[in-house]
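Notes follow the structure.
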Amino acid sequence: MHFRRHVIASLLCMGLLAGSVEARTGSASAHRFFHVQLGAASNQPVSGRLLLFAIDEKTAVAAAKAESRDHSGKVDEVDANPFRATETSVAAREVSHWEPGQSVDIDADRVAFPAGYSQLPPGDYLVQAVLDVNHDYNYTGRGAGDLVSAVVKVHLPSAEVPALTLAKALPGRNPWAVPASAPAAVRDGMAAARRHATLVDFVSPSLSAFWGRPIHMLGWVLVPPGYDAKASVRYPVVYYTQGFGGNNERVMGTLSSVDAAMAKGDMPPMIWVFLDESSPTGTHEFADSVNNGPWGQALTTELIPELESRYRMDGRASGRFLNGHSSGGWATLWLQTRYPKIFGGTWSTSPDPSDFHDFTGVDLYAPNANVYRRPDGSAYPLVRDHGKVLGTYEQFAKLERVLGPYGGQMASFDWVFSPRGADGRPMPMFDRDTGVVDPVVVAYWREHYDIAYRLQRDWAQLEPDLDGKIHLYVGTADTFYLDGAAHKLKAVLDGLHAKSDIRFLPNKTHMDLYVQGKDRHALLKQISWDMYAVARPHSTLKPALH
């Protein structure tokens, strides 16, 4: 659940009505409309989801002054902010075959969050329009190919319909690019990592057969310093997965840090495979799914054998390890428990819920379960900063719906865990209007993807290949309450008398779990040495002393 800035914009406690608005009553004159023209951003017809963002001008300028280095207060972008969610309003509509020069109207009260624009207090607002051409705003935010307008000042309410023009297409990004302002050490580190990394682009036969078109499995292979493809030495391998919002472009910082740490002797020499688990539906989490396809099968029977035929990899279970954070943490925990003969251990950090009795605080198996409201009517929180609640499950889910019914975290869970509905799409686990949980869908989730339930049910068969291979780290102040499910998983494993290593790091959150002092990757370094000790138990290699 590593949520991007725009995705968690709903997650602060709100004074306004918490939820998206789909107004169907009242006169049309009560609604607030905006004209948006397709200008120089495109010279050909386009389609996508048109998003409109508005923020109070004084609030935006004050925030810009506080955040910018020169304190100029210039506002270049209006987007939802995860730490000030009450400030930004979002409205949306779908458009197709939008011709250059043509204008469309967006009803900012029909599909909006946290409420319709007609409910905004009178005043001056900064407004920006974005056309999400790839329908991936819920996952990556605005990116390459999206069309944007300038930030426009608008007084609301206005006697006239405000107008904006999509004037610019956002450029693509070189994943290896480093800002000129970056320190020399960062630039040098990225250059060194680039020499040791190779792109993975593998067309999976099983996934391609499932989808009826070529499906590419992407990632990066990072070899250790001194790696010689012709030498006889083989290296242990770490399969690393990212959290929600991660992809092949967004892993470069971690990749570069691992490369530098191996060069300094702070991490042992191993081959790292940085796997991209992003997809148009969110994260597929390398689960075999009736909706996303056989990703676990493709990884274990196709991609890994392919990589082991090309690189000097230790092809034994004792030489293959898993590490991932958040949704990537769930993926690695799932892969280890689903394919225990393939991998020698998982070091999963802050994983998404592994026991659905505590799905970020909600017991999905409770009678009349509801992910929005407790039995006493109070809201279920979803995000916190230590003791302070920052937002609710309902706020998050309803903002996600406005940004689009695809690629968001809640929709991603459905695509991975749910059975397929009559319409060909995954059946939603809960009703987005009310929060009511569908017990039929939850029963399917339990039988197929509740890790704690599966371990308890099948431990006699799993124990010989799995015992001692589960390692899990989570903070006691996890931002998304994921320590709760980890406690339940530990209780199940302890009840089975299983060997496991589940650690609760005091006062650590989802975001700073790996940090020790000034070292942002300290936990990763520790984990790498634990893995190496399994793969090379007789090695005398130790971390370098600086």
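How things are named: the first chain in the structure tokens is A, the next is B, and so on; residues count from 1 in each chain; ligands count from 1 in the order shown.
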
Would you kindly return, as a count of residues only, each protein, DNA or RNA residue with an atom no farther than 12 Å from any atom of Ser232 in chain A, considering only C-alpha atoms and excluding same-chain residues fewer than 2 positions away? 10

What are the closest atom pairs, with distances in Å to one decimal, for each residue of range 81-150 of chain A lying within 12 Å of range 412-415 of chain A, using only C-alpha atoms, rows by chain and rising residue number, as a tab-separated table?
residue	atom	partner	partner_atom	distance
A:Asp136	CA	A:Ser412	CA	11.9
A:Asn138	CA	A:Ser412	CA	10.1
A:Tyr139	CA	A:Ser412	CA	9.6

Selection to disk with N, CA and C atoms, as a tab-separated table (two decimals), in the first residue's frame:
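Output contents, as saved in out.tsv:
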chain	number	residue	atom	x	y	z
A	136	ASP	N	-4.49	5.86	-15.82
A	136	ASP	CA	-3.63	5.33	-14.77
A	136	ASP	C	-3.35	6.34	-13.65
A	138	ASN	N	-4.92	6.84	-10.95
A	138	ASN	CA	-5.05	6.22	-9.64
A	138	ASN	C	-3.77	5.52	-9.21
A	139	TYR	N	-2.94	5.14	-10.17
A	139	TYR	CA	-1.72	4.39	-9.85
A	139	TYR	C	-0.48	5.26	-9.86

Could you list, as a ChimeraX atom specification, every residue within 10 Å of Thr337 in chain A, counting only C-alpha atoms and ignoring same-chain residues fewer than 3 positions away? /A:331-334,340-343,345-346,451-452,454-455,462-463,465-467,469-470

Next, write the just-selected residues to a file, as a PDB file, in the first residue's frame, keeping N, CA and C atoms as the atom set.
ATOM      1  N   ALA A 331       3.152  -9.589  -1.835  1.00  0.00           N
ATOM      2  CA  ALA A 331       3.511 -10.429  -2.978  1.00  0.00           C
ATOM      3  C   ALA A 331       4.603 -11.427  -2.614  1.00  0.00           C
ATOM      4  N   THR A 332       5.622 -10.972  -1.898  1.00  0.00           N
ATOM      5  CA  THR A 332       6.719 -11.880  -1.552  1.00  0.00           C
ATOM      6  C   THR A 332       6.281 -12.893  -0.501  1.00  0.00           C
ATOM      7  N   LEU A 333       5.439 -12.476   0.422  1.00  0.00           N
ATOM      8  CA  LEU A 333       4.904 -13.412   1.410  1.00  0.00           C
ATOM      9  C   LEU A 333       4.038 -14.464   0.718  1.00  0.00           C
ATOM     10  N   TRP A 334       3.237 -14.027  -0.256  1.00  0.00           N
ATOM     11  CA  TRP A 334       2.399 -14.947  -1.011  1.00  0.00           C
ATOM     12  C   TRP A 334       3.251 -15.931  -1.830  1.00  0.00           C
ATOM     13  N   PRO A 340       6.684 -22.760  -1.934  1.00  0.00           N
ATOM     14  CA  PRO A 340       7.739 -22.894  -0.916  1.00  0.00           C
ATOM     15  C   PRO A 340       8.956 -23.675  -1.375  1.00  0.00           C
ATOM     16  N   LYS A 341       8.799 -24.519  -2.380  1.00  0.00           N
ATOM     17  CA  LYS A 341       9.942 -25.281  -2.873  1.00  0.00           C
ATOM     18  C   LYS A 341      10.876 -24.442  -3.747  1.00  0.00           C
ATOM     19  N   ILE A 342      10.371 -23.316  -4.251  1.00  0.00           N
ATOM     20  CA  ILE A 342      11.147 -22.497  -5.189  1.00  0.00           C
ATOM     21  C   ILE A 342      12.098 -21.557  -4.462  1.00  0.00           C
ATOM     22  N   PHE A 343      11.639 -20.993  -3.331  1.00  0.00           N
ATOM     23  CA  PHE A 343      12.390 -19.919  -2.673  1.00  0.00           C
ATOM     24  C   PHE A 343      12.900 -20.354  -1.301  1.00  0.00           C
ATOM     25  N   GLY A 345      13.468 -18.259   1.253  1.00  0.00           N
ATOM     26  CA  GLY A 345      13.039 -17.401   2.344  1.00  0.00           C
ATOM     27  C   GLY A 345      12.526 -16.081   1.825  1.00  0.00           C
ATOM     28  N   THR A 346      11.532 -15.541   2.533  1.00  0.00           N
ATOM     29  CA  THR A 346      11.047 -14.200   2.223  1.00  0.00           C
ATOM     30  C   THR A 346      11.323 -13.287   3.398  1.00  0.00           C
ATOM     31  N   ILE A 451      -3.662 -15.612   3.580  1.00  0.00           N
ATOM     32  CA  ILE A 451      -2.430 -16.361   3.829  1.00  0.00           C
ATOM     33  C   ILE A 451      -2.477 -17.079   5.169  1.00  0.00           C
ATOM     34  N   ALA A 452      -2.931 -16.394   6.217  1.00  0.00           N
ATOM     35  CA  ALA A 452      -2.992 -17.035   7.534  1.00  0.00           C
ATOM     36  C   ALA A 452      -3.936 -18.234   7.521  1.00  0.00           C
ATOM     37  N   ARG A 454      -4.750 -20.073   4.930  1.00  0.00           N
ATOM     38  CA  ARG A 454      -4.162 -21.138   4.123  1.00  0.00           C
ATOM     39  C   ARG A 454      -3.057 -21.866   4.895  1.00  0.00           C
ATOM     40  N   LEU A 455      -2.248 -21.124   5.643  1.00  0.00           N
ATOM     41  CA  LEU A 455      -1.200 -21.756   6.431  1.00  0.00           C
ATOM     42  C   LEU A 455      -1.801 -22.681   7.483  1.00  0.00           C
ATOM     43  N   LEU A 462       2.642 -28.012   3.993  1.00  0.00           N
ATOM     44  CA  LEU A 462       3.576 -26.923   3.726  1.00  0.00           C
ATOM     45  C   LEU A 462       4.825 -26.964   4.610  1.00  0.00           C
ATOM     46  N   GLU A 463       4.694 -27.493   5.803  1.00  0.00           N
ATOM     47  CA  GLU A 463       5.760 -27.395   6.800  1.00  0.00           C
ATOM     48  C   GLU A 463       7.123 -27.860   6.303  1.00  0.00           C
ATOM     49  N   ASP A 465       8.636 -27.739   3.531  1.00  0.00           N
ATOM     50  CA  ASP A 465       9.301 -26.827   2.596  1.00  0.00           C
ATOM     51  C   ASP A 465       9.248 -25.367   3.026  1.00  0.00           C
ATOM     52  N   LEU A 466       8.446 -25.052   4.060  1.00  0.00           N
ATOM     53  CA  LEU A 466       8.216 -23.653   4.401  1.00  0.00           C
ATOM     54  C   LEU A 466       8.723 -23.272   5.781  1.00  0.00           C
ATOM     55  N   ASP A 467       8.820 -24.222   6.679  1.00  0.00           N
ATOM     56  CA  ASP A 467       9.169 -23.887   8.060  1.00  0.00           C
ATOM     57  C   ASP A 467      10.508 -23.157   8.127  1.00  0.00           C
ATOM     58  N   LYS A 469      11.152 -20.191   6.881  1.00  0.00           N
ATOM     59  CA  LYS A 469      11.426 -19.328   5.726  1.00  0.00           C
ATOM     60  C   LYS A 469      10.681 -17.992   5.760  1.00  0.00           C
ATOM     61  N   ILE A 470       9.798 -17.805   6.724  1.00  0.00           N
ATOM     62  CA  ILE A 470       9.008 -16.568   6.778  1.00  0.00           C
ATOM     63  C   ILE A 470       9.672 -15.584   7.730  1.00  0.00           C
TER      64      ILE A 470
END

Shell of 10 Å around Val440 in chain A, only C-alpha atoms, local chain residues under 4 positions omitted, as a PyMOL selection string: chain A and resi 418-419+427+429+444-445

Would you mind exporting the chosen residues as an mmCIF file, in the first residue's frame, restricted to N, CA and C atoms?
data_model
loop_
_atom_site.group_PDB
_atom_site.id
_atom_site.type_symbol
_atom_site.label_atom_id
_atom_site.label_comp_id
_atom_site.auth_asym_id
_atom_site.auth_seq_id
_atom_site.Cartn_x
_atom_site.Cartn_y
_atom_site.Cartn_z
ATOM 1 N N SER A 418 -10.656 -11.250 -6.113
ATOM 2 C CA SER A 418 -12.084 -11.528 -6.287
ATOM 3 C C SER A 418 -12.387 -12.518 -7.402
ATOM 4 N N PRO A 419 -13.543 -13.170 -7.307
ATOM 5 C CA PRO A 419 -14.018 -13.954 -8.454
ATOM 6 C C PRO A 419 -14.481 -13.018 -9.557
ATOM 7 N N MET A 427 -15.657 -9.079 -9.052
ATOM 8 C CA MET A 427 -16.747 -8.682 -8.162
ATOM 9 C C MET A 427 -16.173 -7.843 -7.022
ATOM 10 N N MET A 429 -15.409 -6.358 -3.474
ATOM 11 C CA MET A 429 -15.520 -6.905 -2.126
ATOM 12 C C MET A 429 -16.502 -6.113 -1.277
ATOM 13 N N TYR A 444 -14.694 -16.200 -1.085
ATOM 14 C CA TYR A 444 -13.739 -16.534 -2.154
ATOM 15 C C TYR A 444 -12.350 -16.029 -1.788
ATOM 16 N N TRP A 445 -12.276 -14.807 -1.291
ATOM 17 C CA TRP A 445 -10.991 -14.263 -0.850
ATOM 18 C C TRP A 445 -10.331 -15.203 0.160
#

Backbone DSSP call of strand (DSSP E) for range 115-252 of chain A, listed as a ChimeraX atom specification: /A:123-132,147-149,152-156,163-169,197-203,216-222,237-241

So which bits of range 390-536 of chain A end up alpha helix (DSSP H) when you DSSP the backbone, as an MDAnalysis selection string? chainID A and resid 393:403 409:417 439:449 451:466 483:495 522:535

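Using only C-alpha atoms, the shortest contact distance between Ser354 in chain A and any of A:Val46, A:Leu489, A:Ala498, A:Val441 is found at A:Leu489.
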
Given only C-alpha atoms as the basis, pick out the residue of A:Ala533, A:Gly315, A:Asp385, A:Val436 nearest to Lys508 in chain A. A:Asp385

Select, from A:Pro543, A:Glu57, A:Val104, A:Phe430, the residue with the minimum atom-to-atom distance to Val152 in chain A, counting only C-alpha atoms.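 Nearest candidate to Val152 in chain A out of A:Pro543, A:Glu57, A:Val104, A:Phe430: A:Glu57.
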
Near Val402 in chain A, counting only C-alpha atoms, which residues have an atom at most 7 Å away, once you skip same-chain residues fewer than 3 positions from it, shown as a PDB file with C-alpha atoms, in the first residue's frame?
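The file below, part-v2.pdb, is the result:
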ATOM      1  CA  SER A  20     -17.676  11.480  -3.881  1.00  0.00           C
ATOM      2  CA  ALA A  91     -14.170  16.509 -10.352  1.00  0.00           C
ATOM      3  CA  ALA A  92     -14.173  14.088 -13.286  1.00  0.00           C
ATOM      4  CA  VAL A 111     -18.710  13.193 -10.001  1.00  0.00           C
ATOM      5  CA  ALA A 112     -16.645  15.007  -7.392  1.00  0.00           C
ATOM      6  CA  PHE A 113     -14.688  14.643  -4.182  1.00  0.00           C
ATOM      7  CA  LYS A 398     -14.538   7.457  -2.844  1.00  0.00           C
ATOM      8  CA  LEU A 399     -11.661   9.605  -4.069  1.00  0.00           C
TER       9      LEU A 399
END

If we count only C-alpha atoms and set the cut-off at 8 Å, which residues sit around range 30-35 of chain A, ignoring sequence neighbours fewer than 2 positions away in its own chain? Please answer as number ranges by chain. A: 26-28, 37, 103-110, 116-118, 161-164

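For the pair CA of Val90 in chain A and CA of Arg142 in chain A, the interatomic distance is 13.8 Å.
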
Show which residues sit within 7 Å of range 48-52 of chain A, as a list in words. Count only C-alpha atoms, and ignore same-chain residues fewer than 6 positions away.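 Surrounding residues, per the criterion: Val90, Ala91, Ala92, Arg93, Glu94, Val95, Ser96, Gln128, Ala129, Val130, Leu131, Asp132, Val133, Asn134 and His135 of chain A.
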
Pull N, CA and C atoms from the residues just selected and write them as a compact mmCIF listing (two decimals), in the first residue's frame.
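Result went into result-v4.txt, see below:
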# COMPACT_ATOMS: atom_id res chain seq x y z
N VAL A 90 -11.79 17.65 -6.38
CA VAL A 90 -11.55 16.95 -7.63
C VAL A 90 -12.88 16.61 -8.28
N ALA A 91 -13.00 16.89 -9.58
CA ALA A 91 -14.17 16.51 -10.35
C ALA A 91 -13.70 15.75 -11.59
N ALA A 92 -14.59 14.94 -12.18
CA ALA A 92 -14.17 14.09 -13.29
C ALA A 92 -15.31 13.80 -14.25
N ARG A 93 -14.92 13.50 -15.50
CA ARG A 93 -15.83 12.95 -16.50
C ARG A 93 -15.01 12.25 -17.56
N GLU A 94 -15.62 11.28 -18.22
CA GLU A 94 -14.97 10.58 -19.32
C GLU A 94 -15.21 11.33 -20.63
N VAL A 95 -14.20 11.36 -21.50
CA VAL A 95 -14.36 11.94 -22.83
C VAL A 95 -13.77 10.96 -23.85
N SER A 96 -14.35 10.93 -25.03
CA SER A 96 -13.81 10.07 -26.08
C SER A 96 -13.84 10.83 -27.40
N GLN A 128 -6.91 23.67 -12.20
CA GLN A 128 -6.14 23.07 -13.28
C GLN A 128 -6.87 21.83 -13.79
N ALA A 129 -6.84 21.65 -15.12
CA ALA A 129 -7.45 20.48 -15.75
C ALA A 129 -6.37 19.54 -16.24
N VAL A 130 -6.64 18.25 -16.14
CA VAL A 130 -5.71 17.21 -16.59
C VAL A 130 -6.52 16.15 -17.32
N LEU A 131 -6.06 15.76 -18.51
CA LEU A 131 -6.66 14.62 -19.20
C LEU A 131 -5.77 13.41 -18.98
N ASP A 132 -6.29 12.45 -18.24
CA ASP A 132 -5.58 11.20 -17.97
C ASP A 132 -5.81 10.27 -19.16
N VAL A 133 -4.89 10.29 -20.11
CA VAL A 133 -5.11 9.57 -21.37
C VAL A 133 -4.93 8.06 -21.22
N ASN A 134 -4.16 7.64 -20.24
CA ASN A 134 -3.90 6.20 -20.08
C ASN A 134 -4.73 5.56 -18.97
N HIS A 135 -5.61 6.36 -18.37
CA HIS A 135 -6.43 5.83 -17.28
C HIS A 135 -5.58 5.20 -16.17

For the contact check between range 176-260 of chain A and range 293-308 of chain A, emit one row per residue of range 176-260 of chain A within 10 Å, containing the shortest atom pair and the distance in Å rounded to one decimal, counting only C-alpha atoms, chain then rising number order, as CSV.
residue,atom,partner,partner_atom,distance
A:Val200,CA,A:Leu307,CA,8.9
A:Asp201,CA,A:Leu303,CA,9.8
A:Phe202,CA,A:Leu303,CA,7.1
A:Val203,CA,A:Leu303,CA,8.9
A:Ser204,CA,A:Ala298,CA,6.4
A:Pro205,CA,A:Ala298,CA,7.9
A:Ser206,CA,A:Ala298,CA,6.3
A:Leu207,CA,A:Gly293,CA,6.0
A:Ser208,CA,A:Gly293,CA,9.0
A:Ala209,CA,A:Gly293,CA,9.2
A:Phe210,CA,A:Gly293,CA,6.1
A:Trp211,CA,A:Gly293,CA,7.6
A:Met217,CA,A:Leu303,CA,7.9
A:Leu218,CA,A:Leu303,CA,9.9
A:Val221,CA,A:Leu307,CA,8.8
A:Val237,CA,A:Glu308,CA,9.7
A:Tyr239,CA,A:Ile304,CA,9.6

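Minimum distance to Val75 in chain A across A:Gly189, A:Ala60, A:Gly387, A:Ala54 (counting only C-alpha atoms) occurs at A:Ala60.
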
Find, counting only C-alpha atoms, the residue in A:Pro157, A:Gly145, A:Gly435, A:Gly361 that gets nearest to Leu120 in chain A.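 The answer is A:Pro157, which sits nearest to Leu120 in chain A.
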
Determine the nearest neighbour of Phe359 in chain A from the options A:His471, A:Arg446, A:Lys490, A:His196, counting only C-alpha atoms.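 Counting only C-alpha atoms, the residue closest to Phe359 in chain A is A:Arg446.
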